[in-house]
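protein28.cif follows; it contains mmCIF, C-alpha atoms and all ligand atoms.
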data_final
loop_
_atom_site.label_atom_id
_atom_site.label_comp_id
_atom_site.auth_asym_id
_atom_site.auth_seq_id
_atom_site.Cartn_x
_atom_site.Cartn_y
_atom_site.Cartn_z
CA MET U 1 -5.98 16.96 -11.80
CA THR U 2 -7.48 13.61 -10.71
CA ILE U 3 -8.81 12.35 -7.37
CA TYR U 4 -5.35 10.90 -6.80
CA SER U 5 -3.48 14.22 -7.14
CA GLY U 6 -0.97 14.79 -4.37
CA PRO U 7 2.77 14.56 -3.79
CA VAL U 8 3.02 10.76 -3.51
CA PHE U 9 0.87 10.00 -6.54
CA GLU U 10 2.78 12.66 -8.49
CA MET U 11 5.98 10.80 -7.65
CA ALA U 12 4.60 7.47 -8.95
CA ARG U 13 3.34 9.28 -12.08
CA GLN U 14 6.68 10.96 -12.78
CA GLN U 15 8.60 7.70 -12.32
CA PHE U 16 6.20 6.00 -14.73
CA GLN U 17 6.58 8.75 -17.35
CA VAL U 18 10.36 8.27 -17.33
CA ILE U 19 9.93 4.55 -17.96
CA ALA U 20 7.19 5.05 -20.55
CA ASP U 21 9.52 7.38 -22.47
CA HIS U 22 12.40 4.91 -22.16
CA LEU U 23 10.23 2.02 -23.40
CA GLU U 24 8.68 4.29 -26.06
CA ILE U 25 5.17 3.38 -24.95
CA PRO U 26 2.65 5.19 -27.19
CA ARG U 27 0.89 8.09 -25.45
CA ASP U 28 -2.57 6.56 -25.75
CA GLU U 29 -1.46 3.41 -23.92
CA ARG U 30 0.01 5.20 -20.91
CA ASP U 31 -3.09 6.13 -18.91
CA ARG U 32 -4.31 2.58 -19.11
CA LEU U 33 -1.10 1.34 -17.53
CA LEU U 34 -0.84 4.05 -14.89
CA TYR U 35 -4.32 4.76 -13.54
CA PRO U 36 -5.87 2.32 -11.09
CA LYS U 37 -8.63 0.05 -12.30
CA ARG U 38 -10.62 0.47 -9.07
CA ALA U 39 -10.61 2.65 -5.98
CA VAL U 40 -12.94 2.11 -3.06
CA VAL U 41 -13.56 4.63 -0.25
CA VAL U 42 -15.47 3.56 2.84
CA SER U 43 -16.53 5.09 6.14
CA CYS U 44 -15.76 2.91 9.13
CA PRO U 45 -17.88 3.80 12.17
CA ILE U 46 -16.79 2.23 15.46
CA HIS U 47 -17.60 2.56 19.14
CA LEU U 48 -14.77 4.02 21.22
CA ASP U 49 -14.09 2.81 24.76
CA ASP U 50 -15.90 5.83 26.21
CA GLY U 51 -19.08 4.84 24.38
CA LYS U 52 -18.82 7.62 21.75
CA LEU U 53 -18.95 6.94 18.04
CA ALA U 54 -16.06 7.73 15.71
CA VAL U 55 -15.91 7.43 11.92
CA PHE U 56 -12.66 6.70 10.08
CA GLN U 57 -12.06 6.94 6.33
CA GLY U 58 -10.80 3.76 4.70
CA TYR U 59 -9.45 3.16 1.20
CA ARG U 60 -8.50 0.30 -1.09
CA VAL U 61 -7.01 0.79 -4.55
CA GLN U 62 -6.66 -2.12 -7.00
CA HIS U 63 -4.24 -1.06 -9.69
CA HIS U 64 -4.69 -3.70 -12.36
CA LEU U 65 -6.48 -7.03 -12.69
CA THR U 66 -4.55 -8.35 -15.66
CA LEU U 67 -2.28 -10.96 -14.09
CA GLY U 68 -4.47 -12.39 -11.32
CA PRO U 69 -5.79 -11.09 -8.01
CA THR U 70 -4.45 -7.81 -6.70
CA LYS U 71 -2.10 -7.91 -3.73
CA GLY U 72 -0.85 -5.43 -1.21
CA GLY U 73 -0.75 -4.19 2.34
CA THR U 74 -3.09 -2.15 4.50
CA ARG U 75 -1.68 0.95 6.15
CA PHE U 76 -3.04 2.54 9.31
CA ALA U 77 -1.51 6.04 9.49
CA LEU U 78 -2.52 9.67 9.62
CA SER U 79 -0.83 10.30 6.24
CA VAL U 80 -3.19 7.91 4.44
CA ASP U 81 -5.27 9.42 1.62
CA ILE U 82 -6.46 8.13 -1.73
CA GLY U 83 -3.43 9.51 -3.61
CA GLU U 84 -0.90 7.87 -1.30
CA VAL U 85 -2.77 4.57 -1.42
CA ALA U 86 -2.96 4.71 -5.23
CA ALA U 87 0.78 5.38 -5.55
CA LEU U 88 1.56 2.49 -3.20
CA ALA U 89 -0.76 0.23 -5.25
CA ILE U 90 1.03 1.19 -8.47
CA TRP U 91 4.42 0.41 -6.89
CA MET U 92 3.04 -2.96 -5.78
CA SER U 93 2.21 -3.74 -9.43
CA TRP U 94 5.76 -3.12 -10.66
CA LYS U 95 7.15 -4.96 -7.61
CA CYS U 96 5.01 -8.08 -8.12
CA ALA U 97 5.76 -8.14 -11.86
CA LEU U 98 9.51 -7.78 -11.25
CA ALA U 99 9.43 -10.69 -8.80
CA GLY U 100 7.36 -12.76 -11.26
CA LEU U 101 4.31 -13.07 -8.99
CA PRO U 102 0.85 -13.64 -10.55
CA TYR U 103 -0.65 -10.49 -9.07
CA GLY U 104 -1.60 -6.93 -9.83
CA GLY U 105 -0.80 -4.33 -7.19
CA ALA U 106 -3.17 -3.07 -4.53
CA LYS U 107 -2.96 -1.07 -1.34
CA GLY U 108 -5.36 -0.01 1.34
CA GLY U 109 -5.43 2.07 4.41
CA VAL U 110 -7.27 3.94 7.09
CA THR U 111 -6.53 7.53 8.07
CA VAL U 112 -5.85 6.98 11.75
CA ASP U 113 -3.05 7.03 14.29
CA PRO U 114 -3.26 3.42 15.49
CA ARG U 115 -1.19 4.26 18.57
CA ALA U 116 -3.97 6.57 19.76
CA LEU U 117 -6.44 3.65 19.86
CA SER U 118 -6.86 1.15 22.69
CA PRO U 119 -6.44 -2.54 21.73
CA ARG U 120 -10.21 -2.95 21.71
CA GLU U 121 -10.72 0.13 19.50
CA LEU U 122 -8.03 -1.13 17.13
CA GLU U 123 -9.83 -4.46 16.89
CA ASN U 124 -13.16 -2.71 16.24
CA LEU U 125 -11.62 -0.61 13.48
CA SER U 126 -9.78 -3.55 11.88
CA ARG U 127 -12.91 -5.67 11.81
CA ARG U 128 -15.07 -2.81 10.55
CA TYR U 129 -12.63 -1.97 7.75
CA MET U 130 -12.60 -5.58 6.55
CA GLN U 131 -16.35 -5.80 6.84
CA GLU U 132 -16.74 -2.73 4.61
CA MET U 133 -14.29 -4.29 2.10
CA ILE U 134 -16.02 -7.69 1.84
CA PRO U 135 -17.84 -6.85 -1.44
CA PHE U 136 -14.54 -5.83 -3.06
CA VAL U 137 -11.95 -8.40 -1.93
CA GLY U 138 -11.53 -12.18 -2.07
CA PRO U 139 -8.81 -14.84 -2.28
CA HIS U 140 -8.97 -14.63 -6.09
CA THR U 141 -9.86 -10.92 -6.28
CA ASP U 142 -7.70 -8.94 -3.87
CA VAL U 143 -5.53 -10.27 -1.05
CA MET U 144 -4.55 -7.91 1.80
CA ALA U 145 -1.40 -7.94 3.94
CA PRO U 146 0.25 -5.80 6.64
CA ASP U 147 1.92 -2.45 6.02
CA MET U 148 2.83 0.49 8.26
CA GLY U 149 0.67 0.58 11.40
CA THR U 150 -0.79 -2.92 10.99
CA ASN U 151 0.56 -6.28 12.09
CA GLU U 152 -0.14 -10.01 12.39
CA GLN U 153 -2.89 -9.44 14.94
CA VAL U 154 -4.72 -7.04 12.60
CA MET U 155 -4.42 -9.62 9.80
CA ALA U 156 -5.91 -12.29 12.11
CA TRP U 157 -8.89 -9.97 12.77
CA PHE U 158 -9.28 -9.34 9.02
CA MET U 159 -9.20 -13.07 8.30
CA ASP U 160 -11.64 -13.85 11.11
CA THR U 161 -14.11 -11.14 10.05
CA TYR U 162 -14.09 -12.29 6.41
CA SER U 163 -14.37 -15.95 7.47
CA MET U 164 -17.34 -15.35 9.79
CA TYR U 165 -19.24 -13.78 6.87
CA GLN U 166 -18.42 -16.74 4.64
CA GLY U 167 -19.38 -19.22 7.34
CA ARG U 168 -16.03 -21.05 7.03
CA THR U 169 -12.37 -20.33 7.64
CA VAL U 170 -10.82 -18.61 4.62
CA THR U 171 -7.15 -18.22 5.54
CA GLU U 172 -6.18 -17.29 1.97
CA ILE U 173 -8.03 -13.94 2.16
CA VAL U 174 -5.05 -12.16 3.77
CA THR U 175 -1.34 -12.81 4.23
CA GLY U 176 0.99 -11.84 7.06
CA LYS U 177 -1.19 -13.70 9.55
CA PRO U 178 0.17 -15.28 12.73
CA VAL U 179 1.51 -18.79 12.04
CA ALA U 180 -1.11 -20.06 14.51
CA SER U 181 -3.90 -18.72 12.23
CA GLY U 182 -2.73 -20.04 8.87
CA GLY U 183 0.27 -17.76 8.37
CA THR U 184 3.58 -18.98 7.03
CA GLU U 185 6.92 -19.42 8.70
CA GLY U 186 9.23 -16.59 7.72
CA ARG U 187 6.68 -13.94 6.68
CA ARG U 188 7.39 -11.70 9.67
CA GLU U 189 11.12 -11.62 8.91
CA ALA U 190 10.80 -11.74 5.10
CA THR U 191 11.06 -8.06 4.15
CA GLY U 192 14.02 -7.32 6.43
CA ARG U 193 15.87 -10.52 5.60
CA GLY U 194 15.19 -9.99 1.91
CA ALA U 195 16.63 -6.46 2.07
CA ALA U 196 19.68 -7.78 3.93
CA PHE U 197 20.11 -10.59 1.39
CA LEU U 198 20.21 -8.05 -1.45
CA ILE U 199 22.64 -5.83 0.49
CA GLY U 200 24.83 -8.94 0.77
CA ARG U 201 24.65 -9.53 -2.99
CA VAL U 202 25.65 -5.91 -3.62
CA LEU U 203 28.58 -6.10 -1.19
CA GLU U 204 29.77 -9.20 -3.06
CA ARG U 205 29.73 -7.24 -6.30
CA LEU U 206 31.64 -4.44 -4.59
CA LYS U 207 34.13 -7.06 -3.33
CA THR U 208 33.50 -5.97 0.27
CA GLN U 209 33.14 -8.30 3.24
CA PRO U 210 30.07 -7.39 5.36
CA ALA U 211 31.95 -7.76 8.67
CA GLY U 212 33.28 -4.37 9.72
CA THR U 213 31.13 -2.30 7.35
CA THR U 214 28.85 0.32 8.93
CA ALA U 215 25.09 0.80 8.60
CA ILE U 216 22.48 3.45 9.36
CA VAL U 217 18.84 2.43 9.47
CA GLN U 218 15.87 4.80 9.48
CA GLY U 219 12.78 3.06 10.86
CA PHE U 220 12.77 0.31 13.43
CA GLY U 221 9.46 -1.41 12.79
CA ASN U 222 9.09 -4.90 11.38
CA VAL U 223 11.23 -4.13 8.33
CA GLY U 224 14.04 -2.05 9.90
CA SER U 225 14.49 -4.28 12.94
CA HIS U 226 14.77 -7.51 10.94
CA THR U 227 17.20 -5.87 8.52
CA VAL U 228 19.33 -4.79 11.49
CA GLU U 229 19.17 -8.26 13.03
CA THR U 230 20.48 -9.96 9.88
CA LEU U 231 23.17 -7.36 9.22
CA ALA U 232 24.34 -7.61 12.84
CA ASN U 233 24.64 -11.40 12.46
CA TRP U 234 27.08 -10.75 9.61
CA GLY U 235 29.19 -8.44 11.77
CA VAL U 236 27.94 -5.20 10.19
CA LYS U 237 28.30 -2.35 12.71
CA LEU U 238 25.07 -0.37 13.24
CA ILE U 239 26.13 3.23 13.87
CA GLY U 240 22.79 5.04 13.53
CA VAL U 241 19.12 4.22 13.96
CA SER U 242 15.86 6.12 14.29
CA ASP U 243 12.11 5.72 14.51
CA HIS U 244 9.31 8.29 14.94
CA THR U 245 10.15 8.59 18.66
CA ALA U 246 13.97 8.76 18.81
CA CYS U 247 17.23 8.88 16.89
CA TYR U 248 20.59 7.50 18.05
CA PHE U 249 24.02 7.75 16.52
CA ASP U 250 27.43 6.49 17.64
CA PRO U 251 30.26 6.04 15.12
CA ARG U 252 31.78 3.44 17.47
CA GLY U 253 28.71 1.25 17.01
CA LEU U 254 25.38 0.78 18.82
CA ASP U 255 24.44 -2.27 20.88
CA THR U 256 22.02 -3.90 18.42
CA GLU U 257 20.97 -6.68 20.76
CA ALA U 258 20.00 -4.16 23.45
CA LEU U 259 18.18 -2.00 20.86
CA LEU U 260 16.20 -4.97 19.55
CA LYS U 261 15.26 -6.01 23.10
CA HIS U 262 14.26 -2.45 24.00
CA ALA U 263 12.08 -2.09 20.89
CA GLN U 264 10.47 -5.46 21.50
CA LYS U 265 9.61 -4.52 25.08
CA HIS U 266 8.48 -0.91 24.53
CA GLY U 267 7.40 -0.97 20.87
CA VAL U 268 9.55 2.14 20.17
CA LEU U 269 13.16 3.33 20.44
CA ALA U 270 12.40 6.21 22.85
CA GLY U 271 13.92 5.73 26.27
CA PHE U 272 16.88 3.66 25.09
CA SER U 273 19.55 6.26 25.77
CA ASN U 274 19.99 9.97 26.49
CA GLN U 275 23.68 10.23 25.63
CA LEU U 276 23.35 8.83 22.10
CA SER U 277 20.47 11.07 20.94
CA PHE U 278 21.03 12.66 17.55
CA ASP U 279 19.28 15.04 15.15
CA ALA U 280 16.99 12.79 13.08
CA ARG U 281 17.15 15.15 10.06
CA GLU U 282 20.93 14.70 9.89
CA LEU U 283 21.00 10.92 10.34
CA LEU U 284 20.66 9.98 6.67
CA VAL U 285 23.61 12.11 5.57
CA GLN U 286 26.16 10.68 8.01
CA LYS U 287 29.03 8.69 6.58
CA CYS U 288 28.33 4.94 6.42
CA ASP U 289 28.66 1.99 4.06
CA ILE U 290 25.00 0.94 4.05
CA LEU U 291 22.07 3.34 4.38
CA VAL U 292 18.63 1.78 4.85
CA PRO U 293 15.58 4.04 4.79
CA ALA U 294 12.92 1.69 6.21
CA ALA U 295 10.17 4.11 7.20
CA VAL U 296 8.10 6.44 5.03
CA GLU U 297 8.05 7.98 1.53
CA ARG U 298 9.99 11.00 0.27
CA VAL U 299 12.71 11.23 2.92
CA ILE U 300 15.49 11.57 0.33
CA ASP U 301 14.92 14.65 -1.81
CA ALA U 302 17.47 16.28 -4.13
CA SER U 303 19.26 18.15 -1.34
CA VAL U 304 19.55 15.06 0.88
CA ALA U 305 20.68 13.00 -2.14
CA ALA U 306 23.48 15.48 -2.82
CA ARG U 307 24.72 15.13 0.77
CA LEU U 308 24.50 11.32 1.14
CA GLN U 309 27.76 9.71 2.21
CA CYS U 310 26.85 6.02 1.86
CA ARG U 311 28.14 3.41 -0.56
CA VAL U 312 24.91 1.39 -0.75
CA LEU U 313 21.41 2.87 -0.52
CA ALA U 314 19.02 0.01 0.28
CA GLU U 315 15.42 1.25 -0.04
CA ALA U 316 13.53 -0.97 2.38
CA ALA U 317 10.68 1.58 2.58
CA ASN U 318 8.29 2.22 -0.29
CA GLY U 319 9.09 5.40 -2.22
CA PRO U 320 11.77 6.91 0.05
CA THR U 321 13.50 8.69 -2.85
CA THR U 322 11.88 11.49 -4.89
CA PRO U 323 12.32 11.80 -8.67
CA ASP U 324 14.53 14.94 -8.19
CA ALA U 325 16.75 12.92 -5.89
CA ASP U 326 16.91 10.21 -8.56
CA GLU U 327 18.47 12.72 -10.94
CA VAL U 328 21.15 13.50 -8.37
CA LEU U 329 21.73 9.82 -7.64
CA ASP U 330 22.01 9.13 -11.34
CA ARG U 331 24.93 11.57 -11.51
CA ARG U 332 26.44 9.87 -8.45
CA ARG U 333 25.93 6.33 -9.77
CA ASP U 334 29.61 5.37 -9.45
CA GLU U 335 29.63 6.45 -5.80
CA ILE U 336 26.26 5.12 -4.56
CA PHE U 337 24.77 1.75 -5.42
CA VAL U 338 20.97 2.05 -5.18
CA ILE U 339 18.86 -1.02 -4.46
CA PRO U 340 15.48 0.37 -5.55
CA ASP U 341 12.43 -0.13 -3.31
CA ILE U 342 10.48 -2.43 -5.64
CA LEU U 343 13.42 -4.84 -5.50
CA CYS U 344 14.79 -4.14 -2.02
CA ASN U 345 11.57 -4.67 -0.07
CA ALA U 346 10.04 -7.31 -2.36
CA GLY U 347 10.79 -10.07 0.18
CA GLY U 348 7.58 -9.25 2.03
CA VAL U 349 5.21 -9.78 -0.86
CA VAL U 350 7.20 -12.76 -2.16
CA VAL U 351 6.65 -14.60 1.14
CA SER U 352 3.05 -13.33 1.18
CA TYR U 353 2.68 -15.11 -2.15
CA PHE U 354 4.12 -18.28 -0.57
CA GLU U 355 1.65 -17.91 2.31
CA TRP U 356 -1.28 -17.60 -0.12
CA VAL U 357 -0.09 -20.66 -2.09
CA GLN U 358 0.26 -22.70 1.13
CA ASP U 359 -3.19 -21.62 2.35
CA LEU U 360 -4.82 -22.50 -0.98
CA GLN U 361 -3.18 -25.92 -0.94
CA GLN U 362 -3.39 -26.48 2.83
CA PHE U 363 0.14 -27.78 2.59
CA PHE U 364 2.73 -25.99 4.73
CA TRP U 365 6.47 -25.57 4.30
CA ASP U 366 9.16 -25.22 6.96
CA GLU U 367 11.14 -22.02 7.42
CA ALA U 368 14.21 -23.29 5.55
CA GLU U 369 12.11 -24.03 2.47
CA VAL U 370 10.41 -20.61 2.60
CA MET U 371 13.75 -18.81 2.92
CA SER U 372 15.54 -20.71 0.18
CA LYS U 373 12.64 -20.09 -2.23
CA LEU U 374 12.61 -16.39 -1.20
CA TYR U 375 16.32 -15.95 -1.87
CA HIS U 376 15.96 -17.73 -5.21
CA VAL U 377 13.24 -15.29 -6.34
CA LEU U 378 15.14 -12.23 -5.09
CA ASP U 379 18.37 -13.35 -6.70
CA ARG U 380 16.61 -13.88 -10.03
CA ALA U 381 15.08 -10.38 -9.87
CA PHE U 382 18.42 -8.86 -8.83
CA MET U 383 20.24 -10.50 -11.75
CA GLN U 384 17.54 -9.36 -14.19
CA VAL U 385 17.89 -5.79 -12.95
CA MET U 386 21.69 -5.88 -13.22
CA ARG U 387 21.53 -7.22 -16.77
CA ARG U 388 19.02 -4.53 -17.72
CA VAL U 389 21.20 -1.79 -16.21
CA GLU U 390 24.13 -2.93 -18.32
CA HIS U 391 22.12 -3.48 -21.47
CA ASP U 392 20.14 -0.20 -21.44
CA GLY U 393 22.66 1.97 -19.57
CA ILE U 394 19.95 3.15 -17.15
CA SER U 395 19.70 3.55 -13.36
CA HIS U 396 18.88 0.62 -11.10
CA ARG U 397 15.42 2.04 -10.36
CA ASN U 398 14.65 2.55 -14.03
CA ALA U 399 15.85 -0.96 -14.87
CA ALA U 400 13.69 -2.52 -12.13
CA MET U 401 10.69 -0.48 -13.17
CA ALA U 402 11.22 -1.13 -16.88
CA ILE U 403 11.05 -4.90 -16.23
CA GLY U 404 7.89 -4.52 -14.12
CA VAL U 405 6.10 -2.15 -16.49
CA GLU U 406 7.01 -4.24 -19.54
CA LYS U 407 5.53 -7.40 -17.99
CA VAL U 408 2.25 -5.70 -17.13
CA ARG U 409 2.13 -4.09 -20.55
CA SER U 410 2.65 -7.28 -22.49
CA ALA U 411 0.00 -9.07 -20.40
CA LYS U 412 -2.45 -6.25 -21.15
CA ASN U 413 -1.59 -6.20 -24.83
CA THR U 414 -1.96 -9.95 -25.28
CA ARG U 415 -5.24 -10.15 -23.35
CA GLY U 416 -7.07 -7.21 -24.88
CA LEU U 417 -8.79 -4.15 -23.53
CA PHE U 418 -10.90 -5.56 -20.66
CA PRO U 419 -8.59 -6.29 -17.71
N1 LIG U 501 3.05 -3.96 2.52
C1 LIG U 501 4.12 -4.73 1.97
C2 LIG U 501 4.70 -4.05 0.75
O1 LIG U 501 4.61 -2.85 0.60
C3 LIG U 501 3.75 -6.18 1.74
C4 LIG U 501 2.61 -6.44 0.79
C5 LIG U 501 2.18 -7.89 0.78
O2 LIG U 501 2.78 -8.71 1.45
O3 LIG U 501 1.19 -8.18 0.07
O4 LIG U 501 5.33 -4.65 -0.08
#

Could you write out this file's structure as structure tokens?
Amino acid sequence: MTIYSGPVFEMARQQFQVIADHLEIPRDERDRLLYPKRAVVVSCPIHLDDGKLAVFQGYRVQHHLTLGPTKGGTRFALSVDIGEVAALAIWMSWKCALAGLPYGGAKGGVTVDPRALSPRELENLSRRYMQEMIPFVGPHTDVMAPDMGTNEQVMAWFMDTYSMYQGRTVTEIVTGKPVASGGTEGRREATGRGAAFLIGRVLERLKTQPAGTTAIVQGFGNVGSHTVETLANWGVKLIGVSDHTACYFDPRGLDTEALLKHAQKHGVLAGFSNQLSFDARELLVQKCDILVPAAVERVIDASVAARLQCRVLAEAANGPTTPDADEVLDRRRDEIFVIPDILCNAGGVVVSYFEWVQDLQQFFWDEAEVMSKLYHVLDRAFMQVMRRVEHDGISHRNAAMAIGVEKVRSAKNTRGLFP
């Protein structure tokens, strides 16, 4: 039992144990690699529009400080607790190491339903959260970014709050900012386009042309919608889509352009169609070529995994697949090609890294340069994972994690006990 105990942390712990066994990491070294270096819990009092006071719990977990600053998003959601944030921070560490970024993993969050707040209340909470975090973050200590429930506007408020306390503009304190406030071209699209790029690489290996294949996407936020947009440009037919408000399915294909426009206008999928409504619990197990969970953790458990009918499972969300499901998928490895989360959604943090580098240098790149560098990094990570799968005879997730864990471990072992 630790303060992190809970289903999401347990998942990160179990995944790590599998890798630690595979890499034969001595028992006494394991806790040092797994448990976060720091965890901060803050109370964020704000004034609501009706004049009343409300207090929200905020968290930030910095997993390891061995390779440079820590890096990771900030989640505003009702599910947020210290265990979930810690698990997400640990996954960020393996993700950054796999992509070759000079960061440890971090994650933060506030337990709140951001949709229940007015724009002014959301601004108050965003600013207050950053204010509470000022002693613990910094451009060379811990660099925040968006995650579920936060966006470019929230990042601009974070950056502004930090900057006002420093008495100068410090754009490099957060990434995922609007381009107008020191953000980079391509960050908004990066995670979705990165996931689509990797799906493309997998289809090449499977000797399948994207045009005419079918896709189902769970989650239609920043990640899901940009994945859909890129796949649609390749002629992939979207047959199913869902978010927390609605689920649609049509084996003849959905009108992606109309869906994207609807979501842009209303912020959600609800209200798009009555005829196409479908049972959200059944969406993931419908027959398709490409299945993209792009929402929350633990949506594919062992029973869902046994019923999946996709050829490619592209994990754009963090932690969508439980360790029991991994065992099932391992048995089905010839049928289903898994692109594990720490590879599939790495595009976001890779372009966050580019944003940080550009802010530090005050030298900005155009979108084409950002994208070509992103695809280079993702391709390198993909090839490393594929080579590791063949060499060790392990699953794609275990190969990706083995590379990440090994990098962090060797940095720790060469530096010594402090970081
Ligand atoms: N929240 C995103 C993730 O889970 C992005 C993190 C970042 O850009 O630092 O990877």

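With only C-alpha atoms as the atoms that count, the minimum distance from Val312 (chain U) to the choices U:Ser352, U:Thr191, U:Ser273, U:Thr208 is reached by U:Thr208.
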
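The shortest atom-to-atom distance to ligand LIG 501 (chain U), with all atoms listed in the file taken into account, belongs to U:Ala89 out of U:Ala89, U:Ile46, U:Met401, U:Met133.
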
Please give the centre and size of the box around ligand LIG 501 (chain U) (axis-aligned, containing every atom listed in the file, 6 Å added per side), with values in Å to one decimal and written as AutoDock Vina command-line options.
--center_x 3.3 --center_y -5.8 --center_z 1.2 --size_x 16.1 --size_y 17.9 --size_z 14.6

Interatomic distance between CA of Glu315 (chain U) and CA of Arg332 (chain U)?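 CA of Glu315 (chain U) sits 16.3 Å away from CA of Arg332 (chain U).
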
Please produce, as a Markdown table, a per-residue contact table for chain U versus ligand LIG 501 (chain U) (criterion: any atom at most 10 Å away, all atoms listed in the file considered), showing the nearest atom pair and its distance in Å to one decimal, sorted by chain then residue number.
| residue | atom | partner | partner_atom | distance |
| --- | --- | --- | --- | --- |
| U:Thr70 | CA | U:LIG501 | O3 | 8.8 |
| U:Lys71 | CA | U:LIG501 | O3 | 5.0 |
| U:Gly72 | CA | U:LIG501 | O3 | 3.7 |
| U:Gly73 | CA | U:LIG501 | N1 | 3.8 |
| U:Thr74 | CA | U:LIG501 | N1 | 6.7 |
| U:Arg75 | CA | U:LIG501 | N1 | 7.7 |
| U:Leu88 | CA | U:LIG501 | O1 | 7.2 |
| U:Ala89 | CA | U:LIG501 | O1 | 8.5 |
| U:Trp91 | CA | U:LIG501 | O1 | 8.2 |
| U:Met92 | CA | U:LIG501 | O4 | 6.4 |
| U:Ser93 | CA | U:LIG501 | O4 | 9.9 |
| U:Lys95 | CA | U:LIG501 | O4 | 7.8 |
| U:Cys96 | CA | U:LIG501 | O4 | 8.7 |
| U:Tyr103 | CA | U:LIG501 | O3 | 9.6 |
| U:Gly105 | CA | U:LIG501 | O3 | 8.5 |
| U:Ala106 | CA | U:LIG501 | O3 | 8.1 |
| U:Lys107 | CA | U:LIG501 | N1 | 7.7 |
| U:Gly108 | CA | U:LIG501 | N1 | 9.4 |
| U:Asp142 | CA | U:LIG501 | O3 | 9.8 |
| U:Val143 | CA | U:LIG501 | O3 | 7.1 |
| U:Met144 | CA | U:LIG501 | O3 | 6.0 |
| U:Ala145 | CA | U:LIG501 | O3 | 4.7 |
| U:Pro146 | CA | U:LIG501 | N1 | 5.3 |
| U:Asp147 | CA | U:LIG501 | N1 | 4.0 |
| U:Met148 | CA | U:LIG501 | N1 | 7.3 |
| U:Thr150 | CA | U:LIG501 | N1 | 9.4 |
| U:Val174 | CA | U:LIG501 | O3 | 8.3 |
| U:Thr175 | CA | U:LIG501 | O2 | 6.4 |
| U:Gly176 | CA | U:LIG501 | O2 | 6.7 |
| U:Arg187 | CA | U:LIG501 | O2 | 8.4 |
| U:Arg188 | CA | U:LIG501 | O2 | 9.9 |
| U:Ala190 | CA | U:LIG501 | O2 | 9.3 |
| U:Thr191 | CA | U:LIG501 | O4 | 7.9 |
| U:Val223 | CA | U:LIG501 | C1 | 9.6 |
| U:Ala316 | CA | U:LIG501 | O1 | 9.3 |
| U:Ala317 | CA | U:LIG501 | O1 | 7.8 |
| U:Asn318 | CA | U:LIG501 | O1 | 6.3 |
| U:Gly319 | CA | U:LIG501 | O1 | 9.8 |
| U:Asp341 | CA | U:LIG501 | O4 | 9.0 |
| U:Ile342 | CA | U:LIG501 | O4 | 7.9 |
| U:Leu343 | CA | U:LIG501 | O4 | 9.7 |
| U:Cys344 | CA | U:LIG501 | O4 | 9.7 |
| U:Asn345 | CA | U:LIG501 | O4 | 6.2 |
| U:Ala346 | CA | U:LIG501 | O4 | 5.9 |
| U:Gly347 | CA | U:LIG501 | O4 | 7.7 |
| U:Gly348 | CA | U:LIG501 | O2 | 4.9 |
| U:Val349 | CA | U:LIG501 | O2 | 3.5 |
| U:Val350 | CA | U:LIG501 | O2 | 7.0 |
| U:Val351 | CA | U:LIG501 | O2 | 7.1 |
| U:Ser352 | CA | U:LIG501 | O2 | 4.6 |
| U:Tyr353 | CA | U:LIG501 | O2 | 7.3 |
| U:Phe354 | CA | U:LIG501 | O2 | 9.9 |
| U:Glu355 | CA | U:LIG501 | O2 | 9.3 |
| U:Trp356 | CA | U:LIG501 | O3 | 9.7 |

Shortest interatomic distance to Lys52 (chain U) - which of U:Leu78, U:Val370, U:Glu121, U:Ala211, counting only C-alpha atoms: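 Smallest distance to Lys52 (chain U) is found for U:Glu121.
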
Close residues, Arg32 (chain U) itself excluded, 10 Å, only C-alpha atoms, min 2 positions apart in chain, as a ChimeraX atom specification: /U:27-30,34-37,64,409,412,417,419

Separation of CA of Asn398 (chain U) and CA of Gly83 (chain U), in Å?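 A separation of 22.0 Å between them.
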
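For the pair CA of Gln57 (chain U) and CA of Arg128 (chain U), the separation is 11.0 Å.
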
Could you tell me, as JSON, numbers by chain, which residues have any atom at most 10 Å from (9.6, 9.3, -13.4), counting only C-alpha atoms? {"U": [10, 11, 12, 13, 14, 15, 16, 17, 18, 19, 20, 21, 322, 323, 324, 326, 327, 397, 398, 401]}

Mind checking which residues fall within 9 Å of region 385-389 of chain U, counting only C-alpha atoms, ignoring those fewer than 4 positions away in the same chain, and posting them as a count of residues only? 15

Could you list as a ChimeraX atom specification every residue that has an atom within 7 Å of (-12.1, -10.9, 12.4), using the file's coordinates and counting all atoms listed in the file? /U:127,156-162

Would you save the residues from that selection as a compact mmCIF listing (two decimals), keeping the file's coordinate frame, using C-alpha atoms?
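Here's the written file again-v3.txt:
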# COMPACT_ATOMS: atom_id res chain seq x y z
CA ARG U 127 -12.91 -5.67 11.81
CA ALA U 156 -5.91 -12.29 12.11
CA TRP U 157 -8.89 -9.97 12.77
CA PHE U 158 -9.28 -9.34 9.02
CA MET U 159 -9.20 -13.07 8.30
CA ASP U 160 -11.64 -13.85 11.11
CA THR U 161 -14.11 -11.14 10.05
CA TYR U 162 -14.09 -12.29 6.41

Looking at U:Gln62, U:Val304, U:Lys265, U:Ala54, which one is nearest to Arg281 (chain U), with distances taken over only C-alpha atoms?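 Checking each of U:Gln62, U:Val304, U:Lys265, U:Ala54 against Arg281 (chain U), counting only C-alpha atoms, the winner is U:Val304.
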
Identify, on the basis of all atoms listed in the file, every residue whose closest approach to Asp243 (chain U) does not exceed 7 Å; exclude the query and any residue fewer than 5 positions from it along the same chain; express the result as a ChimeraX atom specification. /U:218-220,269
